[in-house]
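J.: Below is the file query_35.txt, which contains compact mmCIF, C-alpha atoms.
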```
# COMPACT_ATOMS: atom_id res chain seq x y z
CA MET A 37 29.19 30.05 -88.18
CA ARG A 38 29.87 31.66 -91.54
CA SER A 39 33.56 31.70 -90.95
CA PHE A 40 33.41 28.07 -89.82
CA ILE A 41 31.77 27.06 -93.11
CA GLN A 42 34.36 29.08 -94.97
CA PHE A 43 37.05 27.27 -93.03
CA LEU A 44 35.55 23.90 -93.98
CA LEU A 45 35.27 24.89 -97.63
CA ARG A 46 38.81 26.17 -97.71
CA TYR A 47 40.21 22.92 -96.40
CA HIS A 48 37.57 20.61 -97.88
CA VAL A 49 40.18 18.35 -99.49
CA PHE A 50 41.90 17.75 -96.19
CA PHE A 51 38.64 17.05 -94.37
CA LEU A 52 37.47 14.68 -97.08
CA PHE A 53 40.81 12.88 -96.83
CA LEU A 54 40.44 12.65 -93.07
CA LEU A 55 36.87 11.37 -93.28
CA LEU A 56 37.62 8.66 -95.85
CA GLU A 57 40.78 7.66 -94.01
CA LEU A 58 38.80 7.24 -90.78
CA ILE A 59 36.26 5.07 -92.61
CA SER A 60 39.05 2.84 -93.98
CA LEU A 61 40.70 2.51 -90.60
CA TRP A 62 37.36 1.69 -89.06
CA PHE A 63 36.99 -1.17 -91.56
CA LEU A 64 40.46 -2.37 -90.64
CA PHE A 65 40.09 -2.29 -86.90
CA SER A 66 36.50 -3.42 -86.59
CA ASN A 67 37.47 -6.47 -88.64
CA ASN A 68 40.56 -7.25 -86.61
CA ALA A 69 38.35 -7.39 -83.55
CA TYR A 70 36.42 -10.20 -85.26
CA GLN A 71 33.36 -8.13 -85.88
CA ARG A 72 31.81 -8.70 -89.25
CA THR A 73 32.34 -5.84 -91.65
CA PHE A 74 29.28 -5.57 -93.77
CA PHE A 75 30.83 -6.07 -97.15
CA VAL A 76 34.59 -5.84 -97.23
CA HIS A 77 35.36 -9.50 -97.76
CA SER A 78 35.58 -11.79 -100.75
CA ALA A 79 32.43 -13.82 -100.05
CA ASN A 80 30.14 -11.08 -101.33
CA ARG A 81 28.28 -11.58 -104.56
CA MET A 82 30.38 -9.33 -106.78
CA THR A 83 33.85 -10.56 -105.84
CA GLY A 84 32.62 -14.14 -105.53
CA ASN A 85 31.25 -14.20 -109.06
CA VAL A 86 34.30 -12.50 -110.59
CA LEU A 87 36.64 -14.95 -108.86
CA ASN A 88 34.51 -17.93 -109.82
CA THR A 89 34.41 -16.92 -113.51
CA TYR A 90 38.13 -16.32 -113.59
CA GLY A 91 38.70 -19.66 -111.85
CA ASN A 92 36.68 -21.42 -114.55
CA LEU A 93 38.68 -19.69 -117.28
CA THR A 94 42.06 -20.63 -115.86
CA LYS A 95 41.10 -24.09 -114.61
CA PHE A 96 42.27 -25.54 -117.91
CA PHE A 97 45.91 -24.68 -117.22
CA TYR A 98 45.99 -26.66 -114.00
CA LEU A 99 44.28 -29.76 -115.33
CA SER A 100 47.29 -32.04 -115.36
CA GLU A 101 48.34 -30.94 -111.90
CA VAL A 102 44.83 -31.40 -110.52
CA ASN A 103 44.70 -34.77 -112.23
CA ASP A 104 47.80 -35.92 -110.41
CA SER A 105 46.54 -34.79 -107.05
CA LEU A 106 43.15 -36.42 -107.69
CA LEU A 107 44.81 -39.70 -108.60
CA ALA A 108 46.81 -39.63 -105.40
CA GLU A 109 43.68 -38.77 -103.51
CA ASN A 110 41.73 -41.59 -105.10
CA ALA A 111 44.32 -44.02 -103.89
CA LEU A 112 44.07 -42.61 -100.39
CA LEU A 113 40.29 -42.75 -100.43
CA ARG A 114 40.28 -46.33 -101.58
CA GLU A 115 42.52 -47.14 -98.69
CA ALA A 116 40.28 -45.22 -96.32
CA MET A 117 37.22 -47.01 -97.66
CA ILE A 118 38.67 -50.25 -96.46
CA GLN A 119 38.87 -48.63 -93.06
CA GLN A 120 35.10 -48.17 -92.99
CA ALA A 121 34.80 -44.77 -94.65
CA THR A 122 32.01 -44.40 -97.19
CA ALA A 123 31.19 -41.95 -99.95
CA ASP A 124 27.60 -41.16 -100.92
CA SER A 125 26.32 -39.95 -104.29
CA GLY A 126 26.74 -36.25 -103.45
CA GLY A 127 30.48 -36.70 -103.15
CA ARG A 128 30.37 -36.39 -99.38
CA ILE A 129 32.76 -38.68 -97.58
CA SER A 130 31.99 -39.90 -94.12
CA MET A 131 34.34 -41.07 -91.43
CA LEU A 132 32.91 -43.63 -89.08
CA ASP A 133 33.89 -44.58 -85.56
CA GLU A 134 34.53 -48.15 -84.49
CA HIS A 135 30.79 -48.80 -83.89
CA GLY A 136 29.92 -47.76 -87.44
CA GLU A 137 28.48 -44.44 -86.32
CA MET A 138 29.13 -41.42 -88.53
CA LEU A 139 31.43 -38.86 -86.88
CA TYR A 140 32.66 -36.57 -89.64
CA SER A 141 31.31 -35.74 -93.03
CA CYS A 142 33.54 -34.03 -95.62
CA MET A 143 32.15 -31.87 -98.38
CA PRO A 144 34.32 -31.18 -101.43
CA ALA A 145 34.70 -27.51 -102.43
CA LYS A 146 36.64 -25.62 -105.06
CA VAL A 147 39.14 -22.90 -104.11
CA ILE A 148 38.31 -19.76 -106.10
CA ASN A 149 40.65 -17.33 -104.37
CA ASN A 150 43.71 -18.05 -102.29
CA THR A 151 46.54 -15.89 -101.00
CA PHE A 152 49.57 -17.23 -99.17
CA THR A 153 52.10 -14.41 -99.43
CA LEU A 154 50.40 -11.83 -97.17
CA PRO A 155 50.90 -11.82 -93.39
CA ASN A 156 47.19 -12.70 -92.99
CA ASN A 157 45.76 -14.99 -95.63
CA TYR A 158 42.26 -16.03 -96.56
CA ILE A 159 40.82 -18.57 -98.98
CA THR A 160 37.49 -18.24 -100.78
CA LEU A 161 35.46 -21.37 -101.57
CA ASP A 162 32.64 -21.84 -104.06
CA LYS A 163 30.29 -23.40 -101.48
CA GLY A 164 28.24 -21.46 -98.94
CA SER A 165 25.43 -21.69 -96.43
CA GLU A 166 23.08 -23.17 -99.04
CA ASP A 167 25.44 -26.15 -99.27
CA GLY A 168 25.40 -26.55 -95.51
CA ILE A 169 28.58 -24.73 -94.61
CA VAL A 170 28.54 -22.88 -91.31
CA LYS A 171 31.07 -20.74 -89.49
CA ASP A 172 33.92 -22.49 -87.59
CA MET A 173 33.92 -25.66 -89.70
CA GLY A 174 37.39 -27.01 -90.45
CA VAL A 175 38.81 -27.13 -93.98
CA ILE A 176 41.33 -29.81 -95.02
CA THR A 177 42.92 -31.31 -98.10
CA SER A 178 43.50 -35.00 -98.52
CA ASN A 179 46.84 -34.67 -96.76
CA GLY A 180 46.79 -31.63 -94.48
CA LEU A 181 45.06 -28.67 -92.84
CA VAL A 182 43.83 -25.62 -94.73
CA GLY A 183 41.95 -23.44 -92.24
CA ILE A 184 38.67 -22.65 -90.52
CA VAL A 185 35.53 -21.18 -92.11
CA LYS A 186 35.18 -17.56 -91.02
CA ASP A 187 32.39 -15.99 -93.09
CA VAL A 188 29.60 -17.62 -95.05
CA SER A 189 27.31 -16.16 -97.71
CA PRO A 190 24.65 -18.21 -99.57
CA HIS A 191 27.03 -19.39 -102.32
CA PHE A 192 30.54 -18.65 -101.06
CA SER A 193 32.58 -18.89 -97.92
CA VAL A 194 35.79 -17.30 -96.68
CA VAL A 195 38.28 -19.49 -94.85
CA LEU A 196 40.80 -18.19 -92.34
CA SER A 197 43.94 -19.90 -93.60
CA VAL A 198 46.47 -21.74 -91.45
CA LEU A 199 48.70 -18.95 -92.79
CA HIS A 200 46.98 -16.27 -90.69
CA SER A 201 48.12 -14.69 -87.43
CA HIS A 202 44.76 -15.50 -85.80
CA PHE A 203 44.83 -19.19 -86.69
CA HIS A 204 45.58 -21.40 -83.69
CA THR A 205 44.95 -25.05 -83.09
CA ARG A 206 46.36 -27.71 -80.78
CA VAL A 207 48.54 -30.27 -82.52
CA ALA A 208 50.66 -33.18 -81.32
CA VAL A 209 53.68 -35.21 -82.34
CA LYS A 210 52.20 -38.51 -83.47
CA LYS A 211 54.68 -40.90 -81.90
CA ASN A 212 54.69 -39.59 -78.32
CA ASN A 213 51.66 -37.26 -78.20
CA VAL A 214 53.71 -34.22 -77.15
CA GLN A 215 51.35 -31.29 -77.63
CA GLY A 216 51.57 -27.61 -78.41
CA ARG A 217 49.90 -24.70 -80.14
CA LEU A 218 50.33 -24.28 -83.89
CA VAL A 219 51.06 -20.71 -85.05
CA TRP A 220 52.39 -19.10 -88.23
CA ASN A 221 54.94 -16.28 -88.11
CA GLY A 222 53.93 -14.68 -91.38
CA GLU A 223 57.04 -15.40 -93.39
CA ASP A 224 57.43 -18.75 -95.14
CA PRO A 225 54.13 -20.25 -96.40
CA THR A 226 55.50 -23.79 -96.06
CA VAL A 227 56.66 -23.62 -92.43
CA VAL A 228 54.70 -23.22 -89.19
CA LYS A 229 55.72 -23.35 -85.55
CA ILE A 230 54.44 -25.25 -82.56
CA VAL A 231 54.90 -23.17 -79.44
CA ASP A 232 54.41 -23.75 -75.71
CA VAL A 233 55.76 -27.29 -75.74
CA SER A 234 56.85 -28.08 -72.19
CA GLU A 235 58.78 -31.35 -72.51
CA PRO A 236 59.31 -32.64 -76.04
CA GLY A 237 61.16 -35.84 -75.15
CA HIS A 238 63.27 -37.27 -77.91
CA LEU A 239 62.23 -36.08 -81.36
CA GLU A 240 63.78 -36.48 -84.77
CA PRO A 241 63.36 -34.44 -87.93
CA GLY A 242 60.75 -36.16 -90.06
CA ASP A 243 58.43 -37.04 -87.18
CA THR A 244 54.77 -36.71 -88.16
CA ILE A 245 52.67 -33.95 -86.60
CA VAL A 246 48.92 -34.56 -86.31
CA THR A 247 45.83 -32.79 -85.00
CA THR A 248 44.47 -33.40 -81.51
CA GLY A 249 40.77 -33.92 -80.93
CA TYR A 250 40.46 -30.78 -78.81
CA SER A 251 39.02 -28.61 -81.52
CA ALA A 252 35.76 -29.71 -83.09
CA ALA A 253 36.95 -28.33 -86.45
CA PHE A 254 39.38 -31.11 -87.37
CA PRO A 255 39.24 -34.87 -86.91
CA PRO A 256 41.87 -36.07 -84.40
CA GLY A 257 45.02 -37.67 -85.77
CA TYR A 258 44.80 -35.83 -89.09
CA PRO A 259 48.23 -35.08 -90.67
CA VAL A 260 49.54 -31.51 -90.33
CA GLY A 261 53.19 -31.72 -91.32
CA VAL A 262 56.60 -33.14 -90.52
CA LEU A 263 59.09 -31.90 -87.95
CA LYS A 264 61.99 -29.86 -89.33
CA SER A 265 63.84 -28.84 -86.18
CA TYR A 266 63.22 -27.92 -82.56
CA GLY A 267 64.86 -26.00 -79.78
CA LYS A 268 64.37 -24.28 -76.42
CA GLU A 269 63.06 -20.70 -76.48
CA THR A 270 65.69 -18.34 -75.10
CA GLY A 271 64.80 -17.24 -71.58
CA SER A 272 61.91 -19.64 -71.20
CA ASN A 273 61.27 -23.23 -70.26
CA PHE A 274 59.24 -23.94 -73.35
CA TYR A 275 60.33 -25.52 -76.59
CA THR A 276 59.41 -24.43 -80.11
CA LEU A 277 59.06 -26.95 -82.92
CA GLU A 278 59.45 -26.00 -86.57
CA VAL A 279 57.13 -27.94 -88.83
CA GLU A 280 56.97 -28.24 -92.59
CA LEU A 281 53.32 -28.23 -93.68
CA THR A 282 52.02 -31.07 -95.81
CA THR A 283 49.45 -28.76 -97.41
CA ALA A 284 50.93 -27.01 -100.46
CA PHE A 285 49.19 -23.63 -100.22
CA SER A 286 50.61 -22.49 -103.53
CA ARG A 287 48.80 -25.33 -105.31
CA LEU A 288 45.42 -25.45 -103.61
CA HIS A 289 42.56 -26.36 -105.96
CA TYR A 290 40.09 -28.65 -104.20
CA VAL A 291 39.53 -28.91 -100.47
CA TYR A 292 37.12 -30.60 -98.07
CA VAL A 293 34.97 -28.82 -95.51
CA VAL A 294 34.71 -30.95 -92.39
CA ASP A 295 31.39 -31.24 -90.60
CA TYR A 296 31.74 -32.76 -87.14
CA LEU A 297 28.33 -34.31 -86.63
CA LEU A 298 28.56 -34.59 -82.87
CA LYS A 299 29.75 -31.00 -82.45
CA GLU A 300 26.47 -29.77 -81.03
CA GLU A 301 26.30 -32.61 -78.53
CA GLN A 302 29.89 -31.99 -77.43
CA THR A 303 29.59 -28.22 -77.04
CA ASN A 304 26.23 -28.51 -75.28
CA LEU A 305 27.62 -30.95 -72.78
CA GLU A 306 30.70 -28.79 -72.21
CA GLU A 307 28.57 -25.70 -71.67
CA GLU A 308 26.29 -27.56 -69.29
CA SER A 309 29.13 -28.71 -67.11
CA HIS A 310 30.69 -25.25 -67.13
CA ALA A 311 27.34 -23.81 -66.03
CA GLY A 312 27.11 -26.42 -63.32
CA ASN A 313 30.37 -25.33 -61.72
CA MET B 99 37.86 14.13 -126.83
CA GLN B 100 37.70 14.54 -123.07
CA VAL B 101 35.00 11.87 -122.85
CA THR B 102 36.98 9.35 -124.93
CA ARG B 103 39.97 9.85 -122.67
CA TRP B 104 37.90 9.17 -119.59
CA ILE B 105 36.45 6.03 -121.15
CA TRP B 106 40.02 4.86 -121.78
CA ARG B 107 40.90 5.69 -118.19
CA VAL B 108 38.01 3.62 -116.84
CA ILE B 109 38.99 0.67 -119.08
CA GLY B 110 42.58 1.02 -117.87
CA TRP B 111 41.39 1.11 -114.28
CA ILE B 112 39.33 -2.08 -114.67
CA ALA B 113 42.21 -3.83 -116.47
CA LEU B 114 44.76 -2.81 -113.81
CA THR B 115 42.47 -3.87 -110.95
CA ALA B 116 41.72 -7.21 -112.62
CA PHE B 117 45.42 -7.81 -113.27
CA GLN B 118 46.13 -6.95 -109.64
CA VAL B 119 43.55 -9.14 -107.92
CA LEU B 120 43.44 -12.05 -110.36
CA VAL B 121 47.09 -12.41 -111.36
CA LEU B 122 49.58 -10.36 -109.37
CA THR B 123 48.33 -11.20 -105.86
CA HIS B 124 48.63 -14.90 -106.64
CA LEU B 125 52.15 -14.82 -108.05
CA ASN B 126 54.77 -16.11 -105.68
CA ILE B 127 57.68 -14.01 -106.94
CA GLY B 128 59.65 -14.18 -103.75
CA GLN B 129 59.12 -14.00 -100.07
CA TYR B 130 59.66 -10.24 -100.02
CA VAL B 131 58.08 -9.16 -103.30
CA HIS B 132 54.36 -8.29 -103.22
CA PRO B 133 53.85 -5.75 -105.99
CA TYR B 134 50.79 -3.50 -106.27
CA VAL B 135 50.36 -1.75 -109.62
CA PHE B 136 46.72 -0.62 -109.49
CA PRO B 137 47.67 2.77 -107.87
CA MET B 138 48.97 3.67 -111.33
CA PHE B 139 45.39 4.57 -112.26
CA ILE B 140 45.35 7.41 -109.70
CA MET B 141 48.88 8.51 -110.64
CA LEU B 142 47.91 9.03 -114.29
CA LEU B 143 44.80 11.16 -113.69
CA PRO B 144 44.98 14.64 -115.28
CA PHE B 145 46.66 17.35 -113.19
CA ALA B 146 43.46 19.39 -113.25
CA THR B 147 41.21 16.65 -111.79
CA PRO B 148 39.48 18.10 -108.71
CA ARG B 149 41.27 16.89 -105.61
CA TRP B 150 38.09 15.66 -103.95
CA LEU B 151 37.39 13.51 -107.01
CA VAL B 152 40.90 12.03 -106.91
CA LEU B 153 40.36 11.17 -103.23
CA ILE B 154 37.01 9.50 -103.86
CA LEU B 155 38.33 7.51 -106.84
CA ALA B 156 41.34 6.40 -104.78
CA PHE B 157 39.08 5.33 -101.92
CA ILE B 158 36.82 3.28 -104.22
CA SER B 159 39.65 1.60 -106.12
CA GLY B 160 41.40 0.74 -102.85
CA LEU B 161 38.22 -0.70 -101.39
CA ILE B 162 37.64 -2.91 -104.44
CA VAL B 163 41.10 -4.47 -104.09
CA ASP B 164 40.44 -4.82 -100.34
CA MET B 165 37.33 -6.86 -101.07
CA PHE B 166 39.25 -9.32 -103.22
CA ASN B 167 42.23 -9.62 -100.90
CA ASN B 168 40.31 -9.68 -97.60
CA THR B 169 42.35 -6.75 -96.36
CA PRO B 170 39.56 -4.51 -95.01
CA GLY B 171 40.44 -0.84 -95.47
CA MET B 172 44.21 -1.34 -95.80
CA HIS B 173 44.43 -0.60 -99.52
CA ALA B 174 41.80 2.14 -99.21
CA SER B 175 43.91 3.90 -96.53
CA ALA B 176 47.12 3.61 -98.52
CA MET B 177 45.45 4.84 -101.71
CA LEU B 178 44.01 7.87 -99.88
CA VAL B 179 47.46 8.88 -98.65
CA LEU B 180 48.79 8.52 -102.20
CA ALA B 181 45.93 10.60 -103.61
CA PHE B 182 46.35 13.26 -100.93
CA LEU B 183 50.10 13.64 -101.49
CA ARG B 184 49.96 13.46 -105.30
CA PRO B 185 49.84 17.27 -105.83
CA ALA B 186 52.84 17.72 -103.52
CA VAL B 187 54.85 15.20 -105.54
CA THR B 188 53.92 16.82 -108.85
CA ARG B 189 54.93 20.22 -107.43
CA LEU B 190 58.24 18.77 -106.24
CA LEU B 191 58.99 17.35 -109.67
CA THR B 192 57.96 20.44 -111.69
CA PRO B 193 60.18 20.56 -114.78
CA ILE B 194 62.10 23.79 -115.51
CA THR B 195 59.65 24.57 -118.30
CA GLY B 196 56.66 23.93 -116.03
CA TYR B 197 53.65 21.79 -116.85
CA GLU B 198 52.40 24.22 -119.48
CA GLY B 199 50.21 22.51 -122.05
CA ILE B 200 50.58 19.11 -120.40
CA GLN B 201 47.29 17.77 -119.11
CA ALA B 202 48.24 14.53 -117.40
CA PRO B 203 51.37 12.75 -116.15
CA SER B 204 52.76 10.74 -119.04
CA MET B 205 56.07 9.30 -120.05
CA GLY B 206 55.66 10.55 -123.59
CA ARG B 207 55.39 14.21 -122.66
CA LEU B 208 57.49 14.45 -119.53
CA GLY B 209 60.22 11.95 -120.24
CA PHE B 210 61.41 8.67 -118.80
CA ILE B 211 63.36 10.11 -115.86
CA TRP B 212 60.47 12.29 -114.76
CA PHE B 213 58.04 9.39 -114.94
CA LEU B 214 60.42 7.05 -113.10
CA LEU B 215 60.87 9.51 -110.23
CA TYR B 216 57.15 10.25 -110.10
CA ALA B 217 56.23 6.54 -109.98
CA LEU B 218 59.02 5.77 -107.50
CA LEU B 219 57.98 8.50 -105.05
CA LEU B 220 54.26 7.80 -105.14
CA THR B 221 54.66 4.02 -105.10
CA SER B 222 57.00 4.28 -102.12
CA ILE B 223 54.44 6.37 -100.25
CA HIS B 224 51.68 3.90 -101.06
CA HIS B 225 53.66 0.75 -100.26
CA LEU B 226 55.09 2.20 -97.05
CA VAL B 227 51.61 2.97 -95.72
CA TYR B 228 50.19 -0.34 -96.92
CA PHE B 229 52.91 -2.56 -95.49
CA GLN B 230 52.91 -0.65 -92.19
CA LEU B 231 49.16 -1.21 -91.91
CA GLU B 232 49.67 -4.89 -92.61
CA VAL B 233 52.19 -5.02 -89.79
CA LEU B 234 49.95 -3.35 -87.21
CA SER B 235 48.61 -6.76 -86.34
CA PHE B 236 52.11 -8.24 -86.62
CA SER B 237 55.61 -7.11 -85.69
CA ASN B 238 58.97 -7.19 -87.43
CA LEU B 239 60.19 -3.83 -88.71
CA GLY B 240 63.23 -4.97 -90.68
CA TYR B 241 61.16 -7.55 -92.52
CA THR B 242 58.51 -4.93 -93.40
CA LEU B 243 61.05 -2.43 -94.73
CA LEU B 244 62.75 -5.07 -96.83
CA ASN B 245 59.33 -6.11 -98.06
CA THR B 246 58.42 -2.52 -98.92
CA ALA B 247 61.69 -1.79 -100.74
CA ALA B 248 61.64 -4.98 -102.81
CA SER B 249 57.97 -4.55 -103.69
CA VAL B 250 58.38 -0.87 -104.65
CA LEU B 251 61.16 -1.76 -107.08
CA PHE B 252 59.09 -4.48 -108.70
CA SER B 253 55.88 -2.42 -108.84
CA VAL B 254 57.67 0.53 -110.44
CA PHE B 255 59.33 -1.81 -112.92
CA LEU B 256 55.88 -3.08 -113.97
CA MET B 257 54.39 0.43 -114.09
CA VAL B 258 57.18 1.76 -116.32
CA ASN B 259 56.63 -1.19 -118.63
CA PHE B 260 52.89 -0.52 -118.78
CA ALA B 261 53.57 3.15 -119.47
CA PHE B 262 55.88 2.17 -122.34
CA ILE B 263 53.38 -0.25 -123.86
CA PHE B 264 50.38 2.03 -123.64
CA SER B 265 52.02 5.29 -124.65
CA GLY B 266 53.18 3.48 -127.79
CA ASN B 267 49.72 2.19 -128.67
CA ARG B 268 47.88 5.44 -128.44
CA GLN B 269 50.22 7.86 -130.20
CA GLY B 270 47.33 9.80 -131.68
CA GLU B 271 45.61 10.81 -128.48
CA ARG B 272 48.54 11.15 -126.15
CA THR B 273 47.64 13.55 -123.37
```
As C-alpha cells, what does this structure read like?
T.:
Amino acid sequence: MRSFIQFLLRYHVFFLFLLLELISLWFLFSNNAYQRTFFVHSANRMTGNVLNTYGNLTKFFYLSEVNDSLLAENALLREAMIQQATADSGGRISMLDEHGEMLYSCMPAKVINNTFTLPNNYITLDKGSEDGIVKDMGVITSNGLVGIVKDVSPHFSVVLSVLHSHFHTRVAVKKNNVQGRLVWNGEDPTVVKIVDVSEPGHLEPGDTIVTTGYSAAFPPGYPVGVLKSYGKETGSNFYTLEVELTTAFSRLHYVYVVDYLLKEEQTNLEEESHAGN
Amino acid sequence: MQVTRWIWRVIGWIALTAFQVLVLTHLNIGQYVHPYVFPMFIMLLPFATPRWLVLILAFISGLIVDMFNNTPGMHASAMLVLAFLRPAVTRLLTPITGYEGIQAPSMGRLGFIWFLLYALLLTSIHHLVYFQLEVLSFSNLGYTLLNTAASVLFSVFLMVNFAFIFSGNRQGERT
C-alpha cells in the first residue's frame, strides 16, 4: 500500500493529466450522444450574459446592415400580411391557414453568439424558456432556415445550426416536389447538399428549394436555397443536389423562432396510430 | 513583485480568452484558418510553476472557451496535452547557456527565434489535438491537416505579435 501511494505521488502529474483528460473526453462523448452536459454550453448564465453584453456593445457597428435587412423584411411582411398573416403587439407574427386558423407563430430573437466556420456550429439566442421557447422548435430568418433549438435555459437558448453534422431535414425542389435529405459537409458555410434523391427529373441551376411539411419545426414551403448543380453519386442510384443557402450565416443578427401550434395534436395522433399497429 | 506578475498574468488570460471567444472565433479569415491564441497564457507561465497547477489552469481555460464555442471538452483536452508536453518542449529548446536566471518564457530574454520555435511547437501540438477531436465526429483527413497547418501559422503569427507588443510595454518588469 505504501509503495502504491509512493508510486502515485511520484507520477502525480501524469495521473492528474489522465484524470482531467478523461473528464474532458467524457464531456465530448456524452454530448455527442445527445445527452445534456450539465454546463458546457453557451446557454448558461455566465456565457450568456457575457455574450449578450458584448453583443450590445458591438451592435452599433452593424446598424446600417441590420437596417437594410429590416427594410427588406418589412417589405416581405407587408406582402405576407396581405396573405392573411397578422402581427400582434408583442412582435409575434402568425401564419394562418385558409380557414383563418392560426398554424404557426414566429417569435423574434436576437443572435448573441454564432459560429459558422467550425465543423459543428451552434447559435445562441437571447430568448429562453421564460419567453416560451422549447426544445426542437425551428429557427428561421425572413428568407431561409437557421436551425433547431437544442438547449433552453430561462433566458437563453442554443440552436443547432443548419451548419452542423447532426442537422437533417427533408426538403424539396419547389417546381416538381422532388425530395431529399438536407445535410452539410462541414466545409463551405454557404453550400449544403441534398442527398438520397432517387429521381430528380429535369432540374436547372437556380431552381428554388423549399421545406416539406414532414418536420414540425419548419412551415412547409419555406425557402431554403437555390440549386447550384446536381449529379449521380458514384456507385449508387441516388442523386446529390448542391444547394446555395439563402440564409447568410456570416451576417445573422435577428431570427424568428417558429412555434407550430398544432404540433402536439400532430405528434399525439401519430403516436396513437403507431401504438395501434 | 511575484504577486504583481500573477495579477498581470490573470489580466492577460482574461484578455486573451475574451479576444478568442468574442472576436477571433467569429472572424471568417478563410475556409481553412481557425486560429486559437488563448493557449499562449499557458505557454508563458513561469518555468517553475508546479506541473499540477499548469494542468489545472489549462483545463479551466480550455473549458471556458468550450462553453462559449459549444465544443464540450475539445479545447480542454487539447489544452491538457499542451500543458503536459510543455516541459518536454522547453527541455528540447534549452539554449546553450541554459535557462539560468530566466523565470518565464519570453521573447525579450530568450530571443525571437527561440520564442518562434517554442510557440510553433506548442501551438502545433495543441491545434493537432484540437482539430483531430473536431474530426472524430466527421471524416476528411487531408482537410483537417490543411486546416491545422494554416491555423497554426496564423495563430503563431498573432502570438508573436502579442509577445512583441507586450514585451515592449512592460520593459521594467520583464521576467
J.: Which residues come within 9 Å of range 215-227 of chain B, counting all atoms listed in the file, excluding same-chain residues fewer than 4 positions away, as JSON, numbers by chain?
T.: {"B": [133, 134, 135, 137, 138, 141, 172, 173, 175, 176, 177, 178, 179, 180, 181, 183, 184, 187, 188, 191, 203, 210, 211, 231, 232, 242, 243, 246, 247, 249, 250, 251, 253, 254, 257, 258]}
J.: Find the distance between CA of Pro170 in chain B and CA of Asn88 in chain A and write it in Å to one decimal.
T.: 20.6 Å
J.: Go through A:Leu288, A:Leu106, A:Met37, A:Val279 and flag the residue nearest chain B, using all atoms listed in the file for the distances.
T.: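 Among the listed residues, the smallest separation from chain B belongs to A:Leu288.
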J.: Check which residues of chain A sit at most 8 Å from chain B using only C-alpha atoms, and return one row each with the closest pair of atoms and their distance in Å to one decimal, ordered by chain and rising number, as JSON lines.
T.:
```
{"residue": "A:His48", "atom": "CA", "partner": "B:Trp150", "partner_atom": "CA", "distance": 7.8}
{"residue": "A:Val49", "atom": "CA", "partner": "B:Trp150", "partner_atom": "CA", "distance": 5.6}
{"residue": "A:Phe50", "atom": "CA", "partner": "B:Phe182", "partner_atom": "CA", "distance": 7.9}
{"residue": "A:Leu52", "atom": "CA", "partner": "B:Trp150", "partner_atom": "CA", "distance": 7.0}
{"residue": "A:Phe53", "atom": "CA", "partner": "B:Leu153", "partner_atom": "CA", "distance": 6.6}
{"residue": "A:Leu56", "atom": "CA", "partner": "B:Phe157", "partner_atom": "CA", "distance": 7.1}
{"residue": "A:Glu57", "atom": "CA", "partner": "B:Ser175", "partner_atom": "CA", "distance": 5.5}
{"residue": "A:Ile59", "atom": "CA", "partner": "B:Gly171", "partner_atom": "CA", "distance": 7.8}
{"residue": "A:Ser60", "atom": "CA", "partner": "B:Gly171", "partner_atom": "CA", "distance": 4.2}
{"residue": "A:Leu61", "atom": "CA", "partner": "B:Gly171", "partner_atom": "CA", "distance": 5.9}
{"residue": "A:Trp62", "atom": "CA", "partner": "B:Gly171", "partner_atom": "CA", "distance": 7.5}
{"residue": "A:Phe63", "atom": "CA", "partner": "B:Gly171", "partner_atom": "CA", "distance": 5.2}
{"residue": "A:Leu64", "atom": "CA", "partner": "B:Pro170", "partner_atom": "CA", "distance": 4.9}
{"residue": "A:Asn67", "atom": "CA", "partner": "B:Pro170", "partner_atom": "CA", "distance": 7.0}
{"residue": "A:Phe75", "atom": "CA", "partner": "B:Met165", "partner_atom": "CA", "distance": 7.6}
{"residue": "A:Val76", "atom": "CA", "partner": "B:Met165", "partner_atom": "CA", "distance": 4.8}
{"residue": "A:His77", "atom": "CA", "partner": "B:Met165", "partner_atom": "CA", "distance": 4.7}
{"residue": "A:Ser78", "atom": "CA", "partner": "B:Phe166", "partner_atom": "CA", "distance": 5.1}
{"residue": "A:Thr83", "atom": "CA", "partner": "B:Phe166", "partner_atom": "CA", "distance": 6.1}
{"residue": "A:Leu87", "atom": "CA", "partner": "B:Leu120", "partner_atom": "CA", "distance": 7.5}
{"residue": "A:Tyr90", "atom": "CA", "partner": "B:Leu120", "partner_atom": "CA", "distance": 7.5}
{"residue": "A:Asn150", "atom": "CA", "partner": "B:His124", "partner_atom": "CA", "distance": 7.3}
{"residue": "A:Thr151", "atom": "CA", "partner": "B:His124", "partner_atom": "CA", "distance": 6.1}
{"residue": "A:Phe152", "atom": "CA", "partner": "B:His124", "partner_atom": "CA", "distance": 7.9}
{"residue": "A:Thr153", "atom": "CA", "partner": "B:Asn126", "partner_atom": "CA", "distance": 7.0}
{"residue": "A:Pro155", "atom": "CA", "partner": "B:Glu232", "partner_atom": "CA", "distance": 7.1}
{"residue": "A:Asn157", "atom": "CA", "partner": "B:Asn168", "partner_atom": "CA", "distance": 7.9}
{"residue": "A:Tyr158", "atom": "CA", "partner": "B:Asn168", "partner_atom": "CA", "distance": 6.7}
{"residue": "A:Ser201", "atom": "CA", "partner": "B:Phe236", "partner_atom": "CA", "distance": 7.6}
{"residue": "A:Glu223", "atom": "CA", "partner": "B:Gln129", "partner_atom": "CA", "distance": 7.1}
{"residue": "A:Asp224", "atom": "CA", "partner": "B:Gln129", "partner_atom": "CA", "distance": 7.1}
{"residue": "A:Ser286", "atom": "CA", "partner": "B:Asn126", "partner_atom": "CA", "distance": 7.9}
```
J.: Just to confirm, what's the straight-line distance from CA of Thr248 in chain A to CA of His200 in chain A in Å (one decimal)?
T.: 19.6 Å
J.: Nearest to Glu278 in chain A among A:Thr226, A:Ser234, A:Ser193, A:Asn156, with distances taken over all atoms listed in the file: which residue is it?
T.: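 When distances to Glu278 in chain A are compared using all atoms listed in the file, the smallest one comes from A:Thr226.
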J.: Mind pulling up the distance from CA of His191 in chain A to CA of Asp162 in chain A?
T.: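 Distance reported for this atom pair: 6.4 Å.
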